[in-house]
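Dumped entry.pdb below, it's PDB, C-alpha atoms:
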```
ATOM      1  CA  MET B 105     -31.788 -19.852 -44.666
ATOM      2  CA  THR B 106     -34.247 -17.901 -42.520
ATOM      3  CA  GLY B 107     -34.808 -20.688 -40.002
ATOM      4  CA  ARG B 108     -38.579 -20.756 -39.877
ATOM      5  CA  LEU B 109     -38.312 -24.444 -38.899
ATOM      6  CA  ALA B 110     -35.020 -24.247 -37.033
ATOM      7  CA  GLY B 111     -34.725 -27.081 -34.529
ATOM      8  CA  LYS B 112     -37.761 -28.939 -35.878
ATOM      9  CA  VAL B 113     -37.785 -32.563 -37.009
ATOM     10  CA  ALA B 114     -40.156 -33.414 -39.846
ATOM     11  CA  VAL B 115     -41.299 -36.441 -41.813
ATOM     12  CA  VAL B 116     -42.601 -35.937 -45.341
ATOM     13  CA  THR B 117     -44.225 -38.779 -47.280
ATOM     14  CA  GLY B 118     -44.457 -38.917 -51.037
ATOM     15  CA  ALA B 119     -41.048 -37.247 -51.082
ATOM     16  CA  GLY B 120     -39.803 -38.804 -54.306
ATOM     17  CA  GLY B 121     -40.968 -35.967 -56.528
ATOM     18  CA  GLY B 122     -43.495 -33.233 -57.181
ATOM     19  CA  MET B 123     -45.021 -31.568 -54.142
ATOM     20  CA  GLY B 124     -43.340 -33.882 -51.651
ATOM     21  CA  ALA B 125     -39.831 -33.206 -52.919
ATOM     22  CA  ALA B 126     -40.520 -29.468 -52.992
ATOM     23  CA  ILE B 127     -41.720 -29.594 -49.384
ATOM     24  CA  VAL B 128     -38.640 -31.504 -48.260
ATOM     25  CA  GLU B 129     -36.332 -29.024 -49.970
ATOM     26  CA  ARG B 130     -38.131 -26.060 -48.421
ATOM     27  CA  PHE B 131     -38.163 -27.572 -44.935
ATOM     28  CA  VAL B 132     -34.432 -28.302 -45.034
ATOM     29  CA  ALA B 133     -33.728 -24.798 -46.334
ATOM     30  CA  GLU B 134     -35.686 -23.403 -43.383
ATOM     31  CA  GLY B 135     -33.655 -25.293 -40.803
ATOM     32  CA  ALA B 136     -35.558 -28.542 -40.269
ATOM     33  CA  SER B 137     -34.126 -32.042 -40.121
ATOM     34  CA  VAL B 138     -36.253 -34.150 -42.452
ATOM     35  CA  VAL B 139     -37.023 -37.802 -43.082
ATOM     36  CA  ALA B 140     -37.960 -38.079 -46.774
ATOM     37  CA  ALA B 141     -40.170 -41.135 -47.306
ATOM     38  CA  ASP B 142     -41.333 -42.697 -50.561
ATOM     39  CA  VAL B 143     -41.664 -46.054 -52.328
ATOM     40  CA  SER B 144     -40.029 -44.954 -55.585
ATOM     41  CA  GLY B 145     -36.387 -44.774 -54.552
ATOM     42  CA  ARG B 146     -36.129 -41.215 -55.871
ATOM     43  CA  GLN B 147     -36.035 -39.899 -52.315
ATOM     44  CA  VAL B 148     -32.500 -41.299 -51.991
ATOM     45  CA  GLU B 149     -31.088 -38.896 -54.575
ATOM     46  CA  LEU B 150     -32.987 -36.025 -52.971
ATOM     47  CA  ALA B 151     -31.591 -36.753 -49.511
ATOM     48  CA  GLY B 152     -28.086 -37.164 -50.890
ATOM     49  CA  ARG B 153     -28.309 -33.774 -52.533
ATOM     50  CA  LEU B 154     -29.668 -32.014 -49.439
ATOM     51  CA  GLY B 155     -27.068 -33.287 -47.005
ATOM     52  CA  ALA B 156     -26.911 -34.570 -43.448
ATOM     53  CA  ARG B 157     -30.177 -33.022 -42.301
ATOM     54  CA  CYS B 158     -32.180 -35.138 -44.734
ATOM     55  CA  VAL B 159     -32.500 -38.917 -44.457
ATOM     56  CA  ALA B 160     -34.253 -41.076 -47.042
ATOM     57  CA  VAL B 161     -36.418 -44.037 -46.084
ATOM     58  CA  GLU B 162     -38.522 -46.436 -48.120
ATOM     59  CA  ALA B 163     -42.070 -46.645 -46.837
ATOM     60  CA  ASP B 164     -45.436 -47.816 -48.128
ATOM     61  CA  VAL B 165     -47.771 -45.603 -46.103
ATOM     62  CA  SER B 166     -50.610 -48.112 -46.360
ATOM     63  CA  ARG B 167     -48.610 -50.536 -44.182
ATOM     64  CA  ALA B 168     -48.537 -49.889 -40.446
ATOM     65  CA  GLY B 169     -45.078 -51.369 -39.976
ATOM     66  CA  ASP B 170     -43.585 -49.135 -42.647
ATOM     67  CA  VAL B 171     -45.180 -46.059 -41.111
ATOM     68  CA  GLN B 172     -43.957 -46.908 -37.622
ATOM     69  CA  SER B 173     -40.423 -47.512 -38.886
ATOM     70  CA  MET B 174     -40.477 -44.277 -40.885
ATOM     71  CA  LEU B 175     -41.499 -42.233 -37.854
ATOM     72  CA  GLU B 176     -39.079 -44.008 -35.549
ATOM     73  CA  THR B 177     -36.282 -43.052 -37.936
ATOM     74  CA  ALA B 178     -37.040 -39.407 -37.224
ATOM     75  CA  ARG B 179     -36.745 -39.977 -33.492
ATOM     76  CA  SER B 180     -33.677 -42.200 -33.630
ATOM     77  CA  ARG B 181     -31.748 -40.014 -36.091
ATOM     78  CA  PHE B 182     -32.825 -36.553 -34.983
ATOM     79  CA  GLY B 183     -34.185 -37.004 -31.453
ATOM     80  CA  ALA B 184     -37.886 -36.157 -31.788
ATOM     81  CA  LEU B 185     -40.814 -35.595 -34.128
ATOM     82  CA  HIS B 186     -42.415 -32.169 -34.495
ATOM     83  CA  VAL B 187     -43.909 -32.101 -38.002
ATOM     84  CA  LEU B 188     -45.588 -34.721 -40.178
ATOM     85  CA  CYS B 189     -46.620 -34.044 -43.764
ATOM     86  CA  ASN B 190     -48.894 -36.843 -44.950
ATOM     87  CA  ASN B 191     -48.424 -36.113 -48.630
ATOM     88  CA  ALA B 192     -48.183 -39.519 -50.327
ATOM     89  CA  GLY B 193     -51.036 -40.176 -52.713
ATOM     90  CA  ILE B 194     -52.092 -41.898 -55.918
ATOM     91  CA  GLN B 195     -54.796 -41.021 -58.407
ATOM     92  CA  GLY B 196     -56.068 -44.364 -59.621
ATOM     93  CA  PRO B 197     -57.639 -45.049 -63.017
ATOM     94  CA  LEU B 198     -60.137 -42.847 -64.839
ATOM     95  CA  GLN B 199     -63.335 -44.912 -64.768
ATOM     96  CA  GLN B 200     -66.984 -44.163 -64.139
ATOM     97  CA  THR B 201     -68.342 -45.394 -60.839
ATOM     98  CA  ALA B 202     -70.190 -48.475 -62.119
ATOM     99  CA  ASP B 203     -67.116 -49.561 -64.049
ATOM    100  CA  TYR B 204     -64.537 -48.746 -61.396
ATOM    101  CA  ASP B 205     -62.228 -51.641 -60.588
ATOM    102  CA  GLU B 206     -62.654 -52.824 -56.998
ATOM    103  CA  GLY B 207     -58.974 -53.558 -56.525
ATOM    104  CA  ALA B 208     -58.022 -50.108 -57.783
ATOM    105  CA  TYR B 209     -60.544 -48.549 -55.402
ATOM    106  CA  GLU B 210     -59.055 -50.407 -52.450
ATOM    107  CA  ARG B 211     -55.511 -49.380 -53.378
ATOM    108  CA  VAL B 212     -56.382 -45.686 -53.737
ATOM    109  CA  MET B 213     -58.151 -45.707 -50.387
ATOM    110  CA  ALA B 214     -55.288 -47.619 -48.775
ATOM    111  CA  VAL B 215     -52.639 -45.105 -49.806
ATOM    112  CA  ASN B 216     -54.593 -41.855 -49.676
ATOM    113  CA  ALA B 217     -56.864 -42.407 -46.673
ATOM    114  CA  ARG B 218     -55.425 -45.280 -44.628
ATOM    115  CA  GLY B 219     -51.947 -43.800 -45.110
ATOM    116  CA  VAL B 220     -53.002 -40.509 -43.532
ATOM    117  CA  PHE B 221     -54.764 -42.312 -40.694
ATOM    118  CA  LEU B 222     -51.720 -44.458 -39.933
ATOM    119  CA  GLY B 223     -49.415 -41.454 -40.090
ATOM    120  CA  MET B 224     -51.479 -39.552 -37.553
ATOM    121  CA  LYS B 225     -52.092 -42.609 -35.365
ATOM    122  CA  TYR B 226     -48.408 -43.300 -34.857
ATOM    123  CA  ALA B 227     -47.086 -39.730 -35.039
ATOM    124  CA  ILE B 228     -49.370 -38.219 -32.416
ATOM    125  CA  PRO B 229     -47.879 -40.116 -29.437
ATOM    126  CA  MET B 230     -44.382 -39.028 -30.525
ATOM    127  CA  MET B 231     -45.527 -35.434 -30.832
ATOM    128  CA  LEU B 232     -47.097 -35.552 -27.392
ATOM    129  CA  GLU B 233     -43.736 -36.735 -26.033
ATOM    130  CA  ALA B 234     -42.069 -33.790 -27.795
ATOM    131  CA  GLY B 235     -44.516 -31.293 -26.287
ATOM    132  CA  GLY B 236     -46.622 -30.775 -29.400
ATOM    133  CA  GLY B 237     -46.383 -30.567 -33.148
ATOM    134  CA  SER B 238     -48.016 -29.850 -36.469
ATOM    135  CA  ILE B 239     -49.574 -32.345 -38.857
ATOM    136  CA  VAL B 240     -50.096 -31.184 -42.425
ATOM    137  CA  ASN B 241     -52.200 -33.453 -44.617
ATOM    138  CA  THR B 242     -52.506 -33.263 -48.385
ATOM    139  CA  ALA B 243     -56.167 -33.323 -49.362
ATOM    140  CA  SER B 244     -57.374 -31.955 -52.709
ATOM    141  CA  MET B 245     -59.970 -29.718 -54.263
ATOM    142  CA  ALA B 246     -61.461 -33.125 -55.112
ATOM    143  CA  SER B 247     -62.484 -33.288 -51.448
ATOM    144  CA  GLN B 248     -64.822 -30.348 -52.118
ATOM    145  CA  VAL B 249     -66.106 -30.704 -55.680
ATOM    146  CA  ALA B 250     -66.741 -33.696 -57.916
ATOM    147  CA  PHE B 251     -64.419 -34.923 -60.637
ATOM    148  CA  PRO B 252     -66.057 -37.458 -62.954
ATOM    149  CA  GLN B 253     -64.258 -40.801 -63.310
ATOM    150  CA  LEU B 254     -62.294 -40.263 -60.084
ATOM    151  CA  VAL B 255     -64.671 -41.741 -57.527
ATOM    152  CA  ALA B 256     -61.951 -43.367 -55.402
ATOM    153  CA  TYR B 257     -59.687 -40.323 -55.456
ATOM    154  CA  CYS B 258     -62.526 -37.976 -54.497
ATOM    155  CA  ALA B 259     -63.652 -40.312 -51.723
ATOM    156  CA  SER B 260     -60.151 -40.702 -50.336
ATOM    157  CA  LYS B 261     -59.493 -36.972 -50.259
ATOM    158  CA  GLY B 262     -62.845 -36.317 -48.607
ATOM    159  CA  ALA B 263     -61.735 -38.764 -45.916
ATOM    160  CA  VAL B 264     -58.469 -36.857 -45.478
ATOM    161  CA  LEU B 265     -60.338 -33.611 -44.931
ATOM    162  CA  MET B 266     -62.623 -35.042 -42.250
ATOM    163  CA  MET B 267     -59.857 -36.994 -40.496
ATOM    164  CA  THR B 268     -57.941 -33.717 -40.340
ATOM    165  CA  LYS B 269     -60.809 -31.923 -38.638
ATOM    166  CA  THR B 270     -61.475 -34.791 -36.229
ATOM    167  CA  ALA B 271     -57.871 -35.159 -35.066
ATOM    168  CA  ALA B 272     -57.514 -31.384 -34.779
ATOM    169  CA  VAL B 273     -60.410 -31.201 -32.341
ATOM    170  CA  GLU B 274     -59.175 -34.184 -30.345
ATOM    171  CA  TYR B 275     -55.664 -32.834 -29.742
ATOM    172  CA  ALA B 276     -56.055 -29.040 -29.887
ATOM    173  CA  ASP B 277     -55.638 -28.644 -26.150
ATOM    174  CA  ARG B 278     -52.508 -30.827 -26.097
ATOM    175  CA  GLY B 279     -50.348 -28.779 -28.407
ATOM    176  CA  ILE B 280     -50.908 -30.641 -31.655
ATOM    177  CA  ARG B 281     -52.314 -28.804 -34.644
ATOM    178  CA  VAL B 282     -53.762 -30.661 -37.624
ATOM    179  CA  ASN B 283     -54.509 -28.957 -40.918
ATOM    180  CA  CYS B 284     -54.757 -29.894 -44.561
ATOM    181  CA  PHE B 285     -54.356 -28.106 -47.833
ATOM    182  CA  CYS B 286     -56.457 -28.774 -50.912
ATOM    183  CA  PRO B 287     -54.443 -28.347 -54.103
ATOM    184  CA  GLY B 288     -55.920 -27.833 -57.508
ATOM    185  CA  SER B 289     -54.032 -28.809 -60.621
ATOM    186  CA  ILE B 290     -50.327 -28.760 -59.749
ATOM    187  CA  ARG B 291     -47.490 -29.490 -62.181
ATOM    188  CA  THR B 292     -46.517 -32.956 -60.945
ATOM    189  CA  GLY B 293     -46.119 -36.413 -62.395
ATOM    190  CA  MET B 294     -49.721 -37.192 -61.455
ATOM    191  CA  LEU B 295     -51.003 -34.306 -63.561
ATOM    192  CA  ASP B 296     -48.664 -35.140 -66.424
ATOM    193  CA  GLY B 297     -50.066 -38.668 -66.464
ATOM    194  CA  MET B 298     -53.641 -37.508 -67.088
ATOM    195  CA  PRO B 299     -55.115 -37.144 -70.585
ATOM    196  CA  LYS B 300     -54.201 -33.763 -72.054
ATOM    197  CA  GLU B 301     -57.817 -32.953 -72.878
ATOM    198  CA  TYR B 302     -58.808 -33.518 -69.242
ATOM    199  CA  VAL B 303     -56.045 -31.228 -68.001
ATOM    200  CA  ASP B 304     -56.880 -28.582 -70.598
ATOM    201  CA  LEU B 305     -60.511 -28.518 -69.465
ATOM    202  CA  VAL B 306     -59.460 -28.005 -65.845
ATOM    203  CA  ILE B 307     -57.067 -25.197 -66.787
ATOM    204  CA  GLN B 308     -59.704 -23.433 -68.856
ATOM    205  CA  ALA B 309     -62.141 -23.648 -65.936
ATOM    206  CA  ASN B 310     -59.514 -22.168 -63.618
ATOM    207  CA  PRO B 311     -59.793 -18.375 -63.177
ATOM    208  CA  VAL B 312     -55.989 -17.897 -63.229
ATOM    209  CA  LYS B 313     -55.698 -20.007 -66.416
ATOM    210  CA  ARG B 314     -52.642 -21.995 -65.366
ATOM    211  CA  VAL B 315     -51.584 -24.892 -63.188
ATOM    212  CA  GLY B 316     -49.832 -24.402 -59.875
ATOM    213  CA  GLN B 317     -46.204 -25.190 -59.165
ATOM    214  CA  PRO B 318     -44.890 -27.552 -56.465
ATOM    215  CA  GLN B 319     -42.985 -24.648 -54.870
ATOM    216  CA  GLU B 320     -46.288 -22.850 -54.272
ATOM    217  CA  ILE B 321     -47.516 -25.881 -52.343
ATOM    218  CA  ALA B 322     -44.253 -25.990 -50.376
ATOM    219  CA  ASP B 323     -44.771 -22.370 -49.328
ATOM    220  CA  LEU B 324     -48.157 -23.223 -47.840
ATOM    221  CA  ALA B 325     -46.921 -26.423 -46.195
ATOM    222  CA  LEU B 326     -44.106 -24.439 -44.582
ATOM    223  CA  PHE B 327     -46.543 -21.930 -43.148
ATOM    224  CA  LEU B 328     -48.777 -24.656 -41.698
ATOM    225  CA  ALA B 329     -45.798 -26.548 -40.281
ATOM    226  CA  SER B 330     -44.261 -23.478 -38.665
ATOM    227  CA  ASP B 331     -45.212 -21.609 -35.519
ATOM    228  CA  GLU B 332     -46.483 -18.786 -37.733
ATOM    229  CA  SER B 333     -49.779 -20.698 -37.973
ATOM    230  CA  SER B 334     -50.003 -21.377 -34.241
ATOM    231  CA  PHE B 335     -53.702 -20.376 -34.015
ATOM    232  CA  ILE B 336     -54.747 -22.413 -37.051
ATOM    233  CA  THR B 337     -56.023 -25.958 -36.608
ATOM    234  CA  GLY B 338     -58.775 -28.080 -38.128
ATOM    235  CA  THR B 339     -58.620 -26.019 -41.309
ATOM    236  CA  ALA B 340     -58.623 -26.995 -44.988
ATOM    237  CA  ILE B 341     -56.867 -24.348 -47.065
ATOM    238  CA  THR B 342     -57.680 -24.458 -50.760
ATOM    239  CA  ILE B 343     -54.847 -23.638 -53.145
ATOM    240  CA  ASP B 344     -56.412 -24.050 -56.578
ATOM    241  CA  GLY B 345     -56.173 -20.784 -58.491
ATOM    242  CA  GLY B 346     -59.823 -20.061 -57.780
ATOM    243  CA  TYR B 347     -61.257 -23.233 -59.346
ATOM    244  CA  THR B 348     -63.626 -24.032 -56.466
ATOM    245  CA  ALA B 349     -64.695 -20.380 -56.070
ATOM    246  CA  LEU B 350     -66.842 -20.597 -59.198
TER     247      LEU B 350
END
```
Once more with this new file: its structure as structure tokens, please.
Amino acid sequence: MTGRLAGKVAVVTGAGGGMGAAIVERFVAEGASVVAADVSGRQVELAGRLGARCVAVEADVSRAGDVQSMLETARSRFGALHVLCNNAGIQGPLQQTADYDEGAYERVMAVNARGVFLGMKYAIPMMLEAGGGSIVNTASMASQVAFPQLVAYCASKGAVLMMTKTAAVEYADRGIRVNCFCPGSIRTGMLDGMPKEYVDLVIQANPVKRVGQPQEIADLALFLASDESSFITGTAITIDGGYTAL
């Protein structure tokens, strides 16, 4: 353990697997106390494996009460809140815009966009009490370029990017930094659930000709959460193997 987050208290949503679980593991390894939040139940096994500095909670990030309880757990168990990773997200169905189910659209926006808004809304006052903090939001390369049949996902991630920039400007002079990262195709359950031909097309269009790994995302999240990025705020960092550079 090198202690890049020593003494910090973090909350990570979407912690049941994939990028979220990798972020939780990396944060704990670097000295943070972490609340691992998810709706799947898989965060319980993760917290049990990582020990006393990781606590699992069940939270639907689209519900204000769940978000408030999740964040309060960080303060009640570990004394403060310094880092929030709004990572929870869902993809939604693959449907063209005119055929897209309205209920599915609302659910994707509720989790991906409303969830980030609620996280920031209720975390910022706690961070101000703690003297500052870092918010790291998970956007997507789909916030920058179009992906056919993913209208809700693209819209929700575009909202994440602009909420990140707005909150960063609002609180920059009060010690709170807000950034997001924009992953490309990462080896997670979400990617595995997509049609193989769709994934193959994305990989072939990617200059590095492979998908990313959750640990690579955790490395970036750690940097943005830590004091090493103290002069970075309002930024969207793309981590996509060069896909959006073309």
Shortest interatomic distance to Thr201 in chain B - which of B:Leu109, B:Ala272, B:Val215, B:Ala256, counting all atoms listed in the file: B:Ala256
Output check: residues returned by the PyMOL selection byres ((chain B and resi 163-170) around 8), as a PyMOL selection string: chain B and resi 117+141-143+161-162+171-174+192+214-215+218-220+222-223
Best match for closeness to Thr177 in chain B among B:Ile228, B:Met123, B:Val113, B:Ala151, counting only C-alpha atoms: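 Distance minimum relative to Thr177 in chain B lands on B:Val113.
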Answer as a VMD selection string, residues within 12 Å of (-47.3, -30.1, -23.5) using all atoms listed in the file: chain B and resid 229 to 237 275 to 280
Interatomic distance, CA of Thr342 in chain B to CA of Ala259 in chain B (Å, one decimal): 17.0 Å
Coordinates-based distance that separates CA of His186 in chain B from CA of Ala271 in chain B (Å, one decimal):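 Those two atoms sit 15.8 Å apart.
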Atom-to-atom span, CA of Val148 in chain B and CA of Cys284 in chain B, Å: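 CA of Val148 in chain B sits 26.1 Å away from CA of Cys284 in chain B.
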Ground truth for the PyMOL selection byres ((chain B and resi 135-139) around 9), written as a PyMOL selection string: chain B and resi 105-117+119+128+130-134+140-141+151+156-161+174-175+177-178+182
For Gln195 in chain B: contacts at 9 Å, all atoms listed in the file, fewer than 5 positions along chain excluded, given as a VMD selection string: chain B and resid 212 216 254 256 to 257 294
Residues selected by the PyMOL selection byres ((chain B and resi 311) around 7), written as a list of chain:residue names: B:Ala309, B:Asn310, B:Val312, B:Lys313, B:Gly345, B:Gly346, B:Tyr347
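Considering the residues B:Met213, B:Ile239, B:Met224, B:Val315 and counting only C-alpha atoms, Gly288 in chain B has its shortest atom-to-atom contact with B:Val315.
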For Thr242 in chain B, list every protein, DNA or RNA residue within 9 Å, evaluated using all atoms listed in the file, and leave out those in the same chain fewer than 5 positions away; present the list as an mmCIF file with C-alpha atoms, in the coordinates of the input.
```cif
data_model
loop_
_atom_site.group_PDB
_atom_site.id
_atom_site.type_symbol
_atom_site.label_atom_id
_atom_site.label_comp_id
_atom_site.auth_asym_id
_atom_site.auth_seq_id
_atom_site.Cartn_x
_atom_site.Cartn_y
_atom_site.Cartn_z
ATOM 1 C CA CYS B 189 -46.620 -34.044 -43.764
ATOM 2 C CA ASN B 190 -48.894 -36.843 -44.950
ATOM 3 C CA ASN B 191 -48.424 -36.113 -48.630
ATOM 4 C CA ALA B 192 -48.183 -39.519 -50.327
ATOM 5 C CA GLY B 193 -51.036 -40.176 -52.713
ATOM 6 C CA ASN B 216 -54.593 -41.855 -49.676
ATOM 7 C CA VAL B 220 -53.002 -40.509 -43.532
ATOM 8 C CA LYS B 261 -59.493 -36.972 -50.259
ATOM 9 C CA VAL B 264 -58.469 -36.857 -45.478
ATOM 10 C CA LEU B 265 -60.338 -33.611 -44.931
ATOM 11 C CA ASN B 283 -54.509 -28.957 -40.918
ATOM 12 C CA CYS B 284 -54.757 -29.894 -44.561
ATOM 13 C CA PHE B 285 -54.356 -28.106 -47.833
ATOM 14 C CA CYS B 286 -56.457 -28.774 -50.912
ATOM 15 C CA PRO B 287 -54.443 -28.347 -54.103
#
```
Non-local contacts of Ala322 in chain B (8 Å; all atoms listed in the file; under 3 positions in same chain excluded) as a VMD selection string: chain B and resid 123 126 to 127 130 318 to 319 325 to 326
Working from the structure I just supplied, which lacks atoms in range 263-289 of chain B, can you model N, CA and C atoms there and output them as a PDB file, in the frame of the given file?
```pdb
ATOM      1  N   ALA B 263     -62.097 -38.142 -47.192  1.00  0.00           N
ATOM      2  CA  ALA B 263     -61.735 -38.764 -45.916  1.00  0.00           C
ATOM      3  C   ALA B 263     -60.583 -38.027 -45.254  1.00  0.00           C
ATOM      4  N   VAL B 264     -59.599 -37.607 -46.039  1.00  0.00           N
ATOM      5  CA  VAL B 264     -58.469 -36.857 -45.478  1.00  0.00           C
ATOM      6  C   VAL B 264     -58.954 -35.575 -44.812  1.00  0.00           C
ATOM      7  N   LEU B 265     -59.842 -34.870 -45.486  1.00  0.00           N
ATOM      8  CA  LEU B 265     -60.338 -33.611 -44.931  1.00  0.00           C
ATOM      9  C   LEU B 265     -61.023 -33.836 -43.584  1.00  0.00           C
ATOM     10  N   MET B 266     -61.875 -34.833 -43.492  1.00  0.00           N
ATOM     11  CA  MET B 266     -62.623 -35.042 -42.250  1.00  0.00           C
ATOM     12  C   MET B 266     -61.764 -35.668 -41.159  1.00  0.00           C
ATOM     13  N   MET B 267     -60.790 -36.509 -41.516  1.00  0.00           N
ATOM     14  CA  MET B 267     -59.857 -36.994 -40.496  1.00  0.00           C
ATOM     15  C   MET B 267     -59.037 -35.839 -39.929  1.00  0.00           C
ATOM     16  N   THR B 268     -58.686 -34.900 -40.787  1.00  0.00           N
ATOM     17  CA  THR B 268     -57.941 -33.717 -40.340  1.00  0.00           C
ATOM     18  C   THR B 268     -58.729 -32.963 -39.288  1.00  0.00           C
ATOM     19  N   LYS B 269     -59.979 -32.679 -39.577  1.00  0.00           N
ATOM     20  CA  LYS B 269     -60.809 -31.923 -38.638  1.00  0.00           C
ATOM     21  C   LYS B 269     -61.012 -32.684 -37.328  1.00  0.00           C
ATOM     22  N   THR B 270     -61.233 -33.987 -37.433  1.00  0.00           N
ATOM     23  CA  THR B 270     -61.475 -34.791 -36.229  1.00  0.00           C
ATOM     24  C   THR B 270     -60.254 -34.811 -35.315  1.00  0.00           C
ATOM     25  N   ALA B 271     -59.082 -35.113 -35.881  1.00  0.00           N
ATOM     26  CA  ALA B 271     -57.871 -35.159 -35.066  1.00  0.00           C
ATOM     27  C   ALA B 271     -57.531 -33.793 -34.497  1.00  0.00           C
ATOM     28  N   ALA B 272     -57.801 -32.735 -35.266  1.00  0.00           N
ATOM     29  CA  ALA B 272     -57.514 -31.384 -34.779  1.00  0.00           C
ATOM     30  C   ALA B 272     -58.300 -31.082 -33.518  1.00  0.00           C
ATOM     31  N   VAL B 273     -59.573 -31.455 -33.512  1.00  0.00           N
ATOM     32  CA  VAL B 273     -60.410 -31.201 -32.341  1.00  0.00           C
ATOM     33  C   VAL B 273     -59.962 -32.051 -31.152  1.00  0.00           C
ATOM     34  N   GLU B 274     -59.569 -33.273 -31.423  1.00  0.00           N
ATOM     35  CA  GLU B 274     -59.175 -34.184 -30.345  1.00  0.00           C
ATOM     36  C   GLU B 274     -57.914 -33.726 -29.616  1.00  0.00           C
ATOM     37  N   TYR B 275     -56.978 -33.119 -30.342  1.00  0.00           N
ATOM     38  CA  TYR B 275     -55.664 -32.834 -29.742  1.00  0.00           C
ATOM     39  C   TYR B 275     -55.335 -31.347 -29.656  1.00  0.00           C
ATOM     40  N   ALA B 276     -56.314 -30.485 -29.893  1.00  0.00           N
ATOM     41  CA  ALA B 276     -56.055 -29.040 -29.887  1.00  0.00           C
ATOM     42  C   ALA B 276     -55.553 -28.533 -28.545  1.00  0.00           C
ATOM     43  N   ASP B 277     -56.038 -29.123 -27.468  1.00  0.00           N
ATOM     44  CA  ASP B 277     -55.638 -28.644 -26.150  1.00  0.00           C
ATOM     45  C   ASP B 277     -54.378 -29.334 -25.626  1.00  0.00           C
ATOM     46  N   ARG B 278     -53.746 -30.148 -26.492  1.00  0.00           N
ATOM     47  CA  ARG B 278     -52.508 -30.827 -26.097  1.00  0.00           C
ATOM     48  C   ARG B 278     -51.327 -30.443 -26.995  1.00  0.00           C
ATOM     49  N   GLY B 279     -51.480 -29.329 -27.675  1.00  0.00           N
ATOM     50  CA  GLY B 279     -50.348 -28.779 -28.407  1.00  0.00           C
ATOM     51  C   GLY B 279     -50.111 -29.323 -29.792  1.00  0.00           C
ATOM     52  N   ILE B 280     -51.067 -30.101 -30.308  1.00  0.00           N
ATOM     53  CA  ILE B 280     -50.908 -30.641 -31.655  1.00  0.00           C
ATOM     54  C   ILE B 280     -51.938 -30.003 -32.576  1.00  0.00           C
ATOM     55  N   ARG B 281     -51.446 -29.389 -33.632  1.00  0.00           N
ATOM     56  CA  ARG B 281     -52.314 -28.804 -34.644  1.00  0.00           C
ATOM     57  C   ARG B 281     -52.380 -29.730 -35.849  1.00  0.00           C
ATOM     58  N   VAL B 282     -53.560 -29.806 -36.456  1.00  0.00           N
ATOM     59  CA  VAL B 282     -53.762 -30.661 -37.624  1.00  0.00           C
ATOM     60  C   VAL B 282     -54.518 -29.863 -38.680  1.00  0.00           C
ATOM     61  N   ASN B 283     -53.891 -29.673 -39.814  1.00  0.00           N
ATOM     62  CA  ASN B 283     -54.509 -28.957 -40.918  1.00  0.00           C
ATOM     63  C   ASN B 283     -54.276 -29.715 -42.215  1.00  0.00           C
ATOM     64  N   CYS B 284     -55.020 -29.341 -43.235  1.00  0.00           N
ATOM     65  CA  CYS B 284     -54.757 -29.894 -44.561  1.00  0.00           C
ATOM     66  C   CYS B 284     -54.838 -28.781 -45.590  1.00  0.00           C
ATOM     67  N   PHE B 285     -54.192 -29.011 -46.703  1.00  0.00           N
ATOM     68  CA  PHE B 285     -54.356 -28.106 -47.833  1.00  0.00           C
ATOM     69  C   PHE B 285     -54.972 -28.878 -48.993  1.00  0.00           C
ATOM     70  N   CYS B 286     -55.689 -28.163 -49.830  1.00  0.00           N
ATOM     71  CA  CYS B 286     -56.457 -28.774 -50.912  1.00  0.00           C
ATOM     72  C   CYS B 286     -55.976 -28.227 -52.251  1.00  0.00           C
ATOM     73  N   PRO B 287     -54.976 -28.859 -52.840  1.00  0.00           N
ATOM     74  CA  PRO B 287     -54.443 -28.347 -54.103  1.00  0.00           C
ATOM     75  C   PRO B 287     -55.411 -28.539 -55.261  1.00  0.00           C
ATOM     76  N   GLY B 288     -55.297 -27.620 -56.215  1.00  0.00           N
ATOM     77  CA  GLY B 288     -55.920 -27.833 -57.508  1.00  0.00           C
ATOM     78  C   GLY B 288     -54.942 -28.554 -58.413  1.00  0.00           C
ATOM     79  N   SER B 289     -54.927 -28.170 -59.654  1.00  0.00           N
ATOM     80  CA  SER B 289     -54.032 -28.809 -60.621  1.00  0.00           C
ATOM     81  C   SER B 289     -52.618 -28.265 -60.445  1.00  0.00           C
TER      82      SER B 289
END
```
